[in-house]
$ cat run_9.cif   # mmCIF, C-alpha atoms
data_coords
#
loop_
_atom_site.label_atom_id
_atom_site.label_comp_id
_atom_site.auth_asym_id
_atom_site.auth_seq_id
_atom_site.Cartn_x
_atom_site.Cartn_y
_atom_site.Cartn_z
CA MET U 18 68.67 9.66 2.94
CA LYS U 19 68.98 9.78 6.69
CA THR U 20 66.37 11.80 8.51
CA TYR U 21 66.25 13.66 11.74
CA GLN U 22 63.95 10.91 13.08
CA ASP U 23 66.60 8.29 12.25
CA PHE U 24 69.03 10.30 14.37
CA ILE U 25 66.55 10.58 17.26
CA ASP U 26 65.79 6.84 17.10
CA LYS U 27 69.47 5.99 17.11
CA ILE U 28 70.48 8.15 20.09
CA ALA U 29 67.32 7.90 22.19
CA ASN U 30 68.66 5.21 24.50
CA VAL U 31 72.41 5.81 24.26
CA PRO U 32 74.22 7.87 26.90
CA ALA U 33 75.96 10.91 25.42
CA ARG U 34 79.30 9.87 26.94
CA ARG U 35 79.17 6.27 25.68
CA VAL U 36 82.65 4.89 26.11
CA ARG U 37 84.33 3.62 22.99
CA SER U 38 87.64 1.88 22.86
CA LYS U 39 90.67 3.69 21.53
CA GLU U 40 90.64 1.30 18.57
CA GLU U 41 86.99 2.10 17.77
CA ILE U 42 87.74 5.82 17.91
CA LYS U 43 90.86 5.40 15.79
CA ASN U 44 88.75 3.65 13.15
CA LEU U 45 86.06 6.32 12.90
CA GLN U 46 85.89 8.05 9.55
CA PRO U 47 88.84 10.46 9.33
CA LEU U 48 86.58 13.34 8.30
CA VAL U 49 84.42 12.75 11.38
CA LEU U 50 87.55 12.96 13.55
CA ALA U 51 88.55 16.14 11.68
CA LEU U 52 85.11 17.68 12.21
CA VAL U 53 85.39 17.10 15.95
CA GLY U 54 89.03 18.23 16.01
CA ASP U 55 88.28 21.52 14.29
CA SER U 56 85.60 22.33 16.87
CA VAL U 57 87.78 21.23 19.77
CA GLU U 58 90.71 23.34 18.59
CA SER U 59 88.51 26.41 18.30
CA LEU U 60 86.88 25.84 21.70
CA LEU U 61 90.13 25.15 23.58
CA LEU U 62 91.85 28.14 22.00
CA ARG U 63 88.89 30.36 22.92
CA ARG U 64 89.08 29.09 26.49
CA ARG U 65 92.84 29.70 26.52
CA PHE U 66 92.51 33.29 25.25
CA ALA U 67 89.57 34.05 27.56
CA ILE U 68 91.43 32.85 30.65
CA LEU U 69 95.01 33.86 29.88
CA THR U 70 94.59 37.23 28.18
CA ASP U 71 92.68 40.43 28.62
CA PHE U 72 91.84 40.54 24.91
CA LYS U 73 88.52 41.96 23.81
CA VAL U 74 86.11 39.73 21.90
CA ASN U 75 87.17 41.01 18.48
CA GLU U 76 90.85 40.47 19.38
CA ILE U 77 90.15 36.90 20.49
CA THR U 78 88.21 36.26 17.30
CA LYS U 79 91.05 37.61 15.17
CA ALA U 80 93.60 35.48 17.05
CA ILE U 81 91.44 32.35 16.73
CA ASN U 82 90.94 32.95 13.01
CA SER U 83 94.70 33.21 12.54
CA LEU U 84 95.14 29.77 14.13
CA VAL U 85 92.07 27.87 12.94
CA ASN U 86 92.42 27.92 9.17
CA ALA U 87 93.87 25.46 6.68
CA SER U 88 97.23 27.20 6.35
CA ALA U 89 97.85 27.49 10.09
CA GLN U 90 96.57 23.97 10.76
CA ALA U 91 98.85 22.52 8.07
CA GLN U 92 101.76 24.34 9.70
CA SER U 93 100.61 23.10 13.11
CA LEU U 94 100.78 19.50 11.91
CA LYS U 95 104.39 20.06 10.87
CA LEU U 96 105.17 21.50 14.32
CA ILE U 97 103.86 18.45 16.17
CA GLU U 98 104.70 15.68 13.68
CA ASP U 99 107.75 14.47 15.59
CA ASP U 100 105.71 14.28 18.81
CA LEU U 101 102.93 12.05 17.45
CA THR U 102 102.39 8.57 18.83
CA GLN U 103 102.00 5.67 16.42
CA ASP U 104 98.20 5.82 16.77
CA GLU U 105 98.21 9.56 16.06
CA GLN U 106 100.46 9.03 13.03
CA ASP U 107 98.03 6.42 11.73
CA VAL U 108 95.06 8.77 12.19
CA ALA U 109 96.93 11.64 10.51
CA ARG U 110 97.94 9.46 7.56
CA ARG U 111 94.39 8.18 7.04
CA ALA U 112 92.97 11.70 7.24
CA ARG U 113 95.61 13.14 4.92
CA ASN U 114 94.83 10.46 2.34
CA THR U 115 91.05 10.71 2.59
CA HIS U 116 89.34 11.88 -0.56
CA THR U 117 87.29 15.00 0.04
CA HIS U 118 84.75 16.52 -2.31
CA SER U 119 85.78 20.07 -1.52
CA THR U 120 88.68 22.13 -0.30
CA ALA U 121 88.85 25.37 1.60
CA LYS U 122 88.87 28.28 -0.78
CA ASN U 123 92.18 30.12 -1.05
CA TYR U 124 94.16 27.04 0.05
CA ASP U 125 95.92 24.42 -2.01
CA VAL U 126 94.97 20.75 -1.79
CA VAL U 127 98.16 19.74 0.04
CA SER U 128 97.65 22.33 2.81
CA TYR U 129 94.01 21.35 3.10
CA ARG U 130 94.88 17.66 3.49
CA HIS U 131 97.53 18.42 6.13
CA ALA U 132 95.03 20.62 7.96
CA THR U 133 92.51 17.77 7.88
CA ALA U 134 95.15 15.43 9.31
CA PHE U 135 95.88 17.88 12.13
CA GLU U 136 92.18 18.24 12.94
CA ALA U 137 91.74 14.45 12.93
CA VAL U 138 94.59 14.02 15.44
CA LEU U 139 92.89 16.52 17.75
CA GLY U 140 89.52 14.80 17.27
CA PHE U 141 91.05 11.39 17.99
CA ASN U 142 92.62 12.64 21.22
CA TYR U 143 89.49 14.44 22.34
CA LEU U 144 87.22 11.44 21.76
CA SER U 145 89.81 9.23 23.49
CA GLY U 146 89.56 11.45 26.59
CA ASN U 147 93.08 12.79 26.14
CA GLU U 148 92.55 16.55 26.38
CA ARG U 149 95.93 16.88 28.11
CA ARG U 150 97.63 15.75 24.91
CA ILE U 151 95.74 18.38 22.92
CA GLU U 152 96.79 21.06 25.40
CA LEU U 153 100.45 20.03 24.99
CA PHE U 154 100.09 20.44 21.23
CA LEU U 155 98.36 23.80 21.65
CA ASP U 156 101.14 24.98 23.99
CA LYS U 157 103.71 24.28 21.30
CA ILE U 158 101.60 25.76 18.51
CA CYS U 159 100.63 28.94 20.37
CA SER U 160 104.24 29.49 21.43
CA TYR U 161 105.45 29.14 17.85
CA PHE U 162 102.79 31.41 16.36
CA ALA U 163 103.25 34.04 19.10
CA LYS U 164 107.04 34.11 18.65
CA ASN U 165 106.58 34.52 14.91
CA GLY U 166 104.06 37.37 15.22
CA LYS U 167 101.13 35.41 13.79
CA ILE U 168 98.87 35.98 16.81
#
$ encode --input "run_9.cif" --output "structure tokens"
Amino acid sequence: MKTYQDFIDKIANVPARRVRSKEEIKNLQPLVLALVGDSVESLLLRRRFAILTDFKVNEITKAINSLVNASAQAQSLKLIEDDLTQDEQDVARRARNTHTHSTAKNYDVVSYRHATAFEAVLGFNYLSGNERRIELFLDKICSYFAKNGKI
């Protein structure tokens, strides 16, 4: 079992912004990319709502929760699928096909896997330094969900 000390030893002399190649990032474990992507989506949406709206905290939280869940993320993948680059398609496919030991409660396995693929695409772009690409996806997603009364 890995310990906290193993973690400290490993990162002690490595800069936090160590540059990895796009290929190295693409080949990270899909669930690691999804973990990062889920956090990035939540953070960038929070920033977006904080800057662009006059919503109160509980309204922002409700809006974020309507966008950052397995069902909405699976739908988000469908919205951006035609816009994905080959690398993003590869990441999404790997993440969608990754075996997980759990699923989100109240969501079917297919939705959960598509949500994981969406998160992995966001994680891949974030770690590749391509936040602009994520923002383009979020523009499309927010527009769709707003027009359809989901936020």
$ closest_residue --input "run_9.cif" --among "U:Asn44, U:Gln106, U:Asn30, U:Asn147" --to "Phe135 of chain U" --atoms "all atoms listed in the file"
U:Gln106
$ resolve_selection --input "run_9.cif" --expression "the PyMOL selection byres ((chain U and resi 161) around 12)" --output "ChimeraX atom specification"
/U:84,89,92-93,95-97,154-160,162-168
$ resolve_selection --input "run_9.cif" --expression "the PyMOL selection byres ((chain U and resi 132) around 6)" --output "number ranges by chain"
U: 87, 90-91, 129-131, 133-135
$ atom_distance --input "run_9.cif" --atom1 "atom CA of Thr117 of chain U" --atom2 "atom CA of Leu48 of chain U"
8.5 Å
$ residues_around --input "run_9.cif" --residues "Val57 of chain U" --least-positions-apart "5" --cutoff "9 Å" --atoms "all atoms listed in the file" --output "VMD selection string"
chain U and resid 52 62 136 139 to 140 143
$ closest_residue --input "run_9.cif" --among "U:Leu94, U:Arg110, U:Asp99, U:Ile81" --to "Glu58 of chain U" --atoms "only C-alpha atoms"
U:Ile81
$ resolve_selection --input "run_9.cif" --expression "the PyMOL selection byres ((chain U and resi 38) around 12)" --output "mmCIF file with C-alpha atoms, in the coordinates of the input"
data_model
loop_
_atom_site.group_PDB
_atom_site.id
_atom_site.type_symbol
_atom_site.label_atom_id
_atom_site.label_comp_id
_atom_site.auth_asym_id
_atom_site.auth_seq_id
_atom_site.Cartn_x
_atom_site.Cartn_y
_atom_site.Cartn_z
ATOM 1 C CA ARG U 35 79.170 6.270 25.680
ATOM 2 C CA VAL U 36 82.650 4.890 26.110
ATOM 3 C CA ARG U 37 84.330 3.620 22.990
ATOM 4 C CA LYS U 39 90.670 3.690 21.530
ATOM 5 C CA GLU U 40 90.640 1.300 18.570
ATOM 6 C CA GLU U 41 86.990 2.100 17.770
ATOM 7 C CA ILE U 42 87.740 5.820 17.910
ATOM 8 C CA LYS U 43 90.860 5.400 15.790
ATOM 9 C CA ASN U 44 88.750 3.650 13.150
ATOM 10 C CA LEU U 45 86.060 6.320 12.900
ATOM 11 C CA PHE U 141 91.050 11.390 17.990
ATOM 12 C CA ASN U 142 92.620 12.640 21.220
ATOM 13 C CA LEU U 144 87.220 11.440 21.760
ATOM 14 C CA SER U 145 89.810 9.230 23.490
ATOM 15 C CA GLY U 146 89.560 11.450 26.590
#
$ closest_residue --input "run_9.cif" --among "U:Ala80, U:Leu101, U:Leu153, U:Ala137" --to "Ser56 of chain U" --atoms "only C-alpha atoms"
U:Ala137
$ atom_distance --input "run_9.cif" --atom1 "atom CA of Asp107 of chain U" --atom2 "atom CA of Leu50 of chain U"
12.5 Å
$ closest_residue --input "run_9.cif" --among "U:Val53, U:Val126, U:Leu60, U:Ala112" --to "Ser88 of chain U" --atoms "all atoms listed in the file"
U:Val126
$ atom_distance --input "run_9.cif" --atom1 "atom CA of Arg113 of chain U" --atom2 "atom CA of Val138 of chain U"
10.6 Å
$ axis_aligned_box --input "run_9.cif" --around "segment 146-165 of chain U" --padding-each-side "6 Å" --output "AutoDock Vina command-line options"
--center_x 98.3 --center_y 23.0 --center_z 21.5 --size_x 29.5 --size_y 35.1 --size_z 25.2
$ closest_residue --input "run_9.cif" --among "U:Gln46, U:Glu152, U:Ser59, U:Tyr21" --to "Ser83 of chain U" --atoms "all atoms listed in the file"
U:Ser59
$ closest_residue --input "run_9.cif" --among "U:Thr115, U:Asn123, U:Thr102, U:Asn82" --to "Arg150 of chain U" --atoms "only C-alpha atoms"
U:Thr102
